[in-house]
There are 2 protein chains.
Amino acid sequence: MFPFEYYIPTKIVFGEGNINKLGELALPYGKKAMLVTYDEALVKKLGFYDKAINSLKGSGIDVISFFGVKSNPTVEHIREGVKIAKDKKPDFLLAVGGGSVIDTAKAMAMGAFYDGDVWDLAEGTGQVDKALPVITVLTIPATSSEMNATSVISNDELKRKEGFVNTLMFPKLSILDPELTYSIPILQTAISATDIVSHLMEGYINHNDPWAPMQDRYAQGMIKTIMDCLDKLIGNPQDAQARATMMWASTFAWNGFYVCGLGSFDMPIHMVGHTFSAFYDLAHGSAMSVSIPAVMKFHLKERIEKYSVFAREVFGINGDISEKTAKAGIDALEQWFKRIGVPTTFKEAGMPSNELDAMADDILITAKHWGIETYDKEMVLAILNLCL
Amino acid sequence: MFPFEYYIPTKIVFGEGNINKLGELALPYGKKAMLVTYDEALVKKLGFYDKAINSLKGSGIDVISFFGVKSNPTVEHIREGVKIAKDKKPDFLLAVGGGSVIDTAKAMAMGAFYDGDVWDLAEGTGQVDKALPVITVLTIPATSSEMNATSVISNDELKRKEGFVNTLMFPKLSILDPELTYSIPILQTAISATDIVSHLMEGYINHNDPWAPMQDRYAQGMIKTIMDCLDKLIGNPQDAQARATMMWASTFAWNGFYVCGLGSFDMPIHMVGHTFSAFYDLAHGSAMSVSIPAVMKFHLKERIEKYSVFAREVFGINGDISEKTAKAGIDALEQWFKRIGVPTTFKEAGMPSNELDAMADDILITAKHWGIETYDKEMVLAILNLCL
């Protein structure tokens, strides 16, 4: 175990139908909300927007709506939101959506108190000492953004995607209502599941603690749980047990809990995958299902034992600690990705393979920014070639 | 999954040697500390008292020491502490010890703002709306008290032991320094391990959620982890990896996380075991190793599947879902208790068996107080008879 700090002051209120309690639960934070969400027509069609508004108005809360968040949220759009927040001065920001919406609200929460360009905060060149309170109503379980202090935003002009962390961005309150997720199409559910698995795999395969039975078993159990959920949901996309379990597992997959004590570790899966999204606007989860097997294969030789245990514990593969068993674990994971319909190669993801050199350079910028020193250009190109 | 709220605002600072940072970490809470701990001669011999005092004084924090907390802390002693706290008005309470010390400090924190008798707070007949901040330095990992809002205290006069919960009692900060646990004798370590396992087993075997793969795997993994730690520590009581892992696993065994979504469930293991401690001052962990197998046996017939999975996942017992496999799981757990040196029967615990009737009545008082309606006197006596 390595030293760590753990502090997550977010309050979770979990249960079916909880969106109808939103007004009552949000009221302690003020009577003027700025609601951040996706495209207006979309959220009205999906129904949760009206539910949120009705509950807020029922508690006498005024609402300014800020629509238009897209997957891989952009700093351009966040700048618009910050401008409105500075002008209208809401008491709190209310993110109703998935990770992109919540990350947008978090960046806006800090940006509202920053005089410069909000991108400075993502780059770490600007600082603030306060932020608007953020409340979330999660509609797509995937990123854990509802219970962590991270925001990941993109800058199309610079072709950059940056994650940044600040305790000011912890949501004060997150409402987890699994019923809101019943109608998520099965492919999008699979992409989210891949995202969740990527969070668990990142720590699990890359950490350097020689003995971490608590964390390793947690990761194994959570990965199996996500797979169990998908199995149920492929059979019945409205399976209440699976939707609820996936929602809560998702929150605790990347909120900082299971990596406690693992020390710092490289995050090559995300380092590589971020570039796929920045270059080709690929959904984050789909980028992960391409990068995970490639990164695993690249490190195969030095991780025989870890992968063999993974093969046994997650997929029930009988076999000794050997390259064969290790490889069988990677194969099984790739097969699972294929079975749930997410891409495992550039080709399957519809990405061209003629910009590998530029992609490698971009990946190395991320590496530098994240303090990852393990990978040089040759290694990154080798990983990219394992993605083709 | 059943509806739930999850909110744990305690900040954890984990790492070897962290007791030396106590002053610096506590300073934001004020310059006047009331330090709550065990017997004066004992804590001075164990060394952590001087370390704590030195660190506090180094940061200019004045300290009032309140010694004398015993295992199964009594309301009589807590009343003394409350009187001193009301008189001296410290800025915060600092618990340096295990669950008994922390529970004492938590009860004192509320008692300091209550005009009546602090036992009223335990019984739920009295209320307060504020409490002194509590900081903890954990020296015995077992109860999770360092990261939950519960206090368990005893009333010798009434022969009662009560657990009560109030979010005001969440420690603001808990310092987890595994080095402080290196010198815990192996038998006491085993008793603590049993306590931790009892927390995990309580939810795991008694919950009523028909599908809880995340929570069940978590409990299984944590139980195996505690067993792994004990194996290492029996070989070398100063094994740093095992001490650190046991400390963190202990915190997350009963802080409310893994029971999220399991709904309300009976707690027969603790319901029965509390009476052992109240009647014979048996260490809590030793009470648990007697009550766990008895409760499991009592419910064997209706829990064949759950126990069979437990046998397979925790002990690697090959077998189908059957009474035989289920029983093998209970046997294996009893054997583990015996191997680490904790009692599994009244006889081994040195408890007389001539007060079963009075004990059953006491257990039913606890049941009533905890809202457990499943057990009548005949059932409780049957469980007690399985303990002999």
# chains A, B, ... in the order shown; residues from 1 in each chain; ligands from 1
$ interface_residues --of "chain B" --to "chain A" --cutoff "8 Å" --atoms "only C-alpha atoms" --output "mmCIF file with N, CA and C atoms, in the first residue's frame"
data_model
loop_
_atom_site.group_PDB
_atom_site.id
_atom_site.type_symbol
_atom_site.label_atom_id
_atom_site.label_comp_id
_atom_site.auth_asym_id
_atom_site.auth_seq_id
_atom_site.Cartn_x
_atom_site.Cartn_y
_atom_site.Cartn_z
ATOM 1 N N MET B 1 -31.553 -3.943 -6.082
ATOM 2 C CA MET B 1 -31.049 -2.802 -5.313
ATOM 3 C C MET B 1 -32.225 -2.066 -4.673
ATOM 4 N N PHE B 2 -32.053 -1.762 -3.404
ATOM 5 C CA PHE B 2 -33.038 -0.962 -2.681
ATOM 6 C C PHE B 2 -32.537 0.494 -2.640
ATOM 7 N N PRO B 3 -33.438 1.446 -2.433
ATOM 8 C CA PRO B 3 -33.009 2.852 -2.359
ATOM 9 C C PRO B 3 -32.056 3.076 -1.188
ATOM 10 N N PHE B 4 -31.171 4.035 -1.335
ATOM 11 C CA PHE B 4 -30.269 4.351 -0.216
ATOM 12 C C PHE B 4 -29.715 5.760 -0.367
ATOM 13 N N GLU B 5 -29.170 6.251 0.755
ATOM 14 C CA GLU B 5 -28.356 7.474 0.714
ATOM 15 C C GLU B 5 -26.948 7.098 1.134
ATOM 16 N N TYR B 6 -25.978 7.680 0.491
ATOM 17 C CA TYR B 6 -24.582 7.454 0.865
ATOM 18 C C TYR B 6 -23.931 8.820 1.029
ATOM 19 N N TYR B 7 -23.354 9.026 2.184
ATOM 20 C CA TYR B 7 -22.705 10.321 2.440
ATOM 21 C C TYR B 7 -21.687 10.116 3.551
ATOM 22 N N ILE B 8 -20.410 10.189 3.213
ATOM 23 C CA ILE B 8 -19.346 10.037 4.213
ATOM 24 C C ILE B 8 -18.331 11.160 4.014
ATOM 25 N N PRO B 9 -18.498 12.259 4.737
ATOM 26 C CA PRO B 9 -17.611 13.403 4.521
ATOM 27 C C PRO B 9 -16.287 13.332 5.276
ATOM 28 N N THR B 10 -15.943 12.175 5.844
ATOM 29 C CA THR B 10 -14.676 12.049 6.574
ATOM 30 C C THR B 10 -13.494 12.052 5.608
ATOM 31 N N LYS B 11 -12.496 12.861 5.930
ATOM 32 C CA LYS B 11 -11.261 12.839 5.132
ATOM 33 C C LYS B 11 -10.283 11.836 5.745
ATOM 34 N N ILE B 12 -9.758 10.941 4.902
ATOM 35 C CA ILE B 12 -8.799 9.939 5.350
ATOM 36 C C ILE B 12 -7.402 10.344 4.874
ATOM 37 N N VAL B 13 -6.445 10.320 5.785
ATOM 38 C CA VAL B 13 -5.041 10.534 5.395
ATOM 39 C C VAL B 13 -4.277 9.289 5.834
ATOM 40 N N PHE B 14 -3.921 8.481 4.844
ATOM 41 C CA PHE B 14 -3.375 7.138 5.093
ATOM 42 C C PHE B 14 -1.889 7.078 4.747
ATOM 43 N N GLY B 15 -1.096 6.523 5.646
ATOM 44 C CA GLY B 15 0.318 6.304 5.318
ATOM 45 C C GLY B 15 1.173 6.122 6.558
ATOM 46 N N GLU B 16 2.237 5.381 6.405
ATOM 47 C CA GLU B 16 3.148 5.134 7.532
ATOM 48 C C GLU B 16 3.778 6.434 8.010
ATOM 49 N N TRP B 211 -30.513 -10.189 -5.996
ATOM 50 C CA TRP B 211 -29.412 -10.093 -6.967
ATOM 51 C C TRP B 211 -28.529 -8.928 -6.558
ATOM 52 N N ALA B 212 -27.399 -9.225 -5.976
ATOM 53 C CA ALA B 212 -26.499 -8.173 -5.489
ATOM 54 C C ALA B 212 -25.048 -8.555 -5.795
ATOM 55 N N PRO B 213 -24.726 -8.733 -7.088
ATOM 56 C CA PRO B 213 -23.388 -9.238 -7.436
ATOM 57 C C PRO B 213 -22.264 -8.302 -6.995
ATOM 58 N N MET B 214 -22.508 -6.995 -7.051
ATOM 59 C CA MET B 214 -21.466 -6.042 -6.662
ATOM 60 C C MET B 214 -21.174 -6.159 -5.163
ATOM 61 N N ARG B 217 -19.802 -9.815 -4.124
ATOM 62 C CA ARG B 217 -18.399 -10.040 -4.497
ATOM 63 C C ARG B 217 -17.470 -9.175 -3.649
ATOM 64 N N TYR B 218 -17.938 -7.979 -3.355
ATOM 65 C CA TYR B 218 -17.138 -7.106 -2.496
ATOM 66 C C TYR B 218 -16.929 -7.765 -1.134
ATOM 67 N N GLY B 221 -14.582 -10.760 -1.439
ATOM 68 C CA GLY B 221 -13.195 -10.333 -1.650
ATOM 69 C C GLY B 221 -12.567 -9.753 -0.397
ATOM 70 N N MET B 222 -13.373 -9.016 0.351
ATOM 71 C CA MET B 222 -12.862 -8.397 1.576
ATOM 72 C C MET B 222 -12.595 -9.465 2.642
ATOM 73 N N THR B 225 -9.493 -11.144 1.758
ATOM 74 C CA THR B 225 -8.364 -10.237 1.996
ATOM 75 C C THR B 225 -7.972 -10.226 3.470
ATOM 76 N N GLN B 241 2.857 -4.852 4.520
ATOM 77 C CA GLN B 241 1.776 -4.959 3.536
ATOM 78 C C GLN B 241 0.472 -5.401 4.196
ATOM 79 N N ALA B 244 -1.013 -2.720 6.616
ATOM 80 C CA ALA B 244 -1.631 -1.603 5.888
ATOM 81 C C ALA B 244 -2.949 -2.041 5.249
ATOM 82 N N THR B 245 -2.927 -3.200 4.611
ATOM 83 C CA THR B 245 -4.143 -3.672 3.932
ATOM 84 C C THR B 245 -5.256 -3.935 4.937
ATOM 85 N N ALA B 249 -8.846 -2.143 4.753
ATOM 86 C CA ALA B 249 -9.985 -3.039 4.561
ATOM 87 C C ALA B 249 -10.961 -2.886 5.727
#
$ select_by_dssp --residues "region 136-242 of chain A" --states "helix (DSSP H, G or I)" --output "PyMOL selection string"
chain A and resi 145-147+167-169+178-181+186-206+213-235+240-242
$ atom_distance --atom1 "CA of Ala122 (chain A)" --atom2 "CA of Val165 (chain A)"
8.4 Å
$ residues_around --residues "Leu94 (chain B)" --least-positions-apart "5" --cutoff "6 Å" --atoms "only C-alpha atoms" --output "list in words"
Met34, Leu35, Val36, Val134, Ile135 and Thr136 of chain B
$ closest_residue --among "A:Leu333, A:Val380, A:Met227, A:Met108" --to "Gly273 (chain A)" --atoms "only C-alpha atoms"
A:Val380
$ residues_around --residues "region 320-331 of chain A" --least-positions-apart "6" --cutoff "9 Å" --atoms "only C-alpha atoms" --output "compact mmCIF listing (two decimals) with N, CA and C atoms, in the first residue's frame"
# COMPACT_ATOMS: atom_id res chain seq x y z
N PRO A 293 -7.23 -3.70 -25.31
CA PRO A 293 -6.50 -4.91 -25.73
C PRO A 293 -5.10 -4.58 -26.26
N MET A 296 -2.82 -3.96 -23.36
CA MET A 296 -2.55 -5.24 -22.68
C MET A 296 -1.53 -6.07 -23.47
N LYS A 297 -1.75 -6.15 -24.77
CA LYS A 297 -0.83 -6.95 -25.61
C LYS A 297 0.58 -6.37 -25.57
N LEU A 300 2.30 -7.54 -22.52
CA LEU A 300 2.09 -8.96 -22.20
C LEU A 300 3.27 -9.61 -21.50
N LYS A 301 4.46 -9.48 -22.10
CA LYS A 301 5.63 -10.23 -21.62
C LYS A 301 5.95 -9.96 -20.15
N ARG A 303 3.83 -8.94 -17.85
CA ARG A 303 2.66 -9.02 -16.97
C ARG A 303 1.97 -10.38 -17.02
N ILE A 304 2.77 -11.40 -17.25
CA ILE A 304 2.22 -12.76 -17.38
C ILE A 304 1.39 -13.13 -16.16
N GLU A 305 1.93 -12.87 -14.98
CA GLU A 305 1.24 -13.30 -13.77
C GLU A 305 -0.08 -12.54 -13.58
N LYS A 306 0.01 -11.21 -13.72
CA LYS A 306 -1.19 -10.39 -13.50
C LYS A 306 -2.29 -10.78 -14.48
N TYR A 307 -1.93 -10.93 -15.76
CA TYR A 307 -2.96 -11.27 -16.75
C TYR A 307 -3.49 -12.69 -16.55
N SER A 308 -2.63 -13.59 -16.09
CA SER A 308 -3.09 -14.96 -15.85
C SER A 308 -4.14 -14.98 -14.74
N VAL A 309 -3.87 -14.22 -13.69
CA VAL A 309 -4.83 -14.13 -12.58
C VAL A 309 -6.13 -13.48 -13.08
N PHE A 310 -5.98 -12.46 -13.91
CA PHE A 310 -7.15 -11.81 -14.52
C PHE A 310 -7.98 -12.82 -15.31
N ALA A 311 -7.30 -13.63 -16.11
CA ALA A 311 -7.99 -14.64 -16.93
C ALA A 311 -8.76 -15.61 -16.04
N ARG A 312 -8.16 -16.01 -14.94
CA ARG A 312 -8.78 -16.98 -14.05
C ARG A 312 -9.93 -16.36 -13.26
N VAL A 314 -11.58 -13.39 -13.63
CA VAL A 314 -12.67 -12.69 -14.33
C VAL A 314 -13.39 -13.60 -15.32
$ residues_around --residues "Leu168 (chain A)" --least-positions-apart "3" --cutoff "12 Å" --atoms "only C-alpha atoms" --output "MDAnalysis selection string"
chainID A and resid 7:10 106:111 113 127:134 148:151 164:165 171:172
$ write_last_selection --atoms "C-alpha atoms" --output "PDB file, in the first residue's frame"
ATOM      1  CA  TYR A   7     -12.097  12.479   0.636  1.00  0.00           C
ATOM      2  CA  ILE A   8     -15.412  12.400  -1.228  1.00  0.00           C
ATOM      3  CA  PRO A   9     -17.975  14.724   0.336  1.00  0.00           C
ATOM      4  CA  THR A  10     -20.613  14.105  -2.367  1.00  0.00           C
ATOM      5  CA  LYS A 106     -18.002  21.345 -13.237  1.00  0.00           C
ATOM      6  CA  ALA A 107     -15.832  23.408 -15.559  1.00  0.00           C
ATOM      7  CA  MET A 108     -18.485  26.129 -15.625  1.00  0.00           C
ATOM      8  CA  ALA A 109     -18.676  26.077 -11.802  1.00  0.00           C
ATOM      9  CA  MET A 110     -15.012  27.045 -11.602  1.00  0.00           C
ATOM     10  CA  GLY A 111     -15.100  29.238 -14.692  1.00  0.00           C
ATOM     11  CA  PHE A 113     -15.284  32.683 -10.658  1.00  0.00           C
ATOM     12  CA  GLN A 127      -6.547  29.019 -10.685  1.00  0.00           C
ATOM     13  CA  VAL A 128      -9.629  29.907  -8.654  1.00  0.00           C
ATOM     14  CA  ASP A 129     -10.411  29.418  -4.976  1.00  0.00           C
ATOM     15  CA  LYS A 130     -14.153  28.948  -5.184  1.00  0.00           C
ATOM     16  CA  ALA A 131     -16.805  27.461  -7.443  1.00  0.00           C
ATOM     17  CA  LEU A 132     -20.572  27.321  -7.776  1.00  0.00           C
ATOM     18  CA  PRO A 133     -22.135  24.263  -6.081  1.00  0.00           C
ATOM     19  CA  VAL A 134     -22.846  21.476  -8.563  1.00  0.00           C
ATOM     20  CA  ASN A 148     -15.430  12.683  -8.340  1.00  0.00           C
ATOM     21  CA  ALA A 149     -13.641  16.005  -8.697  1.00  0.00           C
ATOM     22  CA  THR A 150     -12.565  15.553 -12.309  1.00  0.00           C
ATOM     23  CA  SER A 151     -13.695  17.270 -15.493  1.00  0.00           C
ATOM     24  CA  PHE A 164      -8.313  18.255 -14.647  1.00  0.00           C
ATOM     25  CA  VAL A 165      -9.032  17.735 -10.977  1.00  0.00           C
ATOM     26  CA  PRO A 171     -20.781  17.578  -6.748  1.00  0.00           C
ATOM     27  CA  LYS A 172     -22.506  18.466  -3.484  1.00  0.00           C
TER      28      LYS A 172
END
$ select_by_dssp --residues "region 167-363 of chain B" --states "strand (DSSP E)" --output "list in words"
Leu173, Ser174, Ile175 and Leu176 of chain B
$ closest_residue --among "A:Leu180, A:Ala360, A:Ala278, A:Val295" --to "Asp156 (chain A)" --atoms "only C-alpha atoms"
A:Ala278
$ closest_residue --among "A:Phe279, A:Phe346, A:Tyr49, A:Phe92" --to "Lys31 (chain A)" --atoms "only C-alpha atoms"
A:Phe92
$ residues_around --residues "Ala142 (chain B)" --least-positions-apart "6" --cutoff "6 Å" --atoms "only C-alpha atoms" --output "list in words"
Ser192, Asp195, Ile196 and Ser250 of chain B
$ atom_distance --atom1 "CA of Ala52 (chain A)" --atom2 "CA of Ile84 (chain A)"
20.3 Å
$ residues_around --residues "Ser145 (chain B)" --least-positions-apart "4" --cutoff "7 Å" --atoms "only C-alpha atoms" --output "list in words"
Gly99, Ile102, Asp103 and Thr150 of chain B
$ closest_residue --among "A:Asp266, A:Asp50, A:Glu123, A:Glu313" --to "Leu22 (chain A)" --atoms "only C-alpha atoms"
A:Asp50
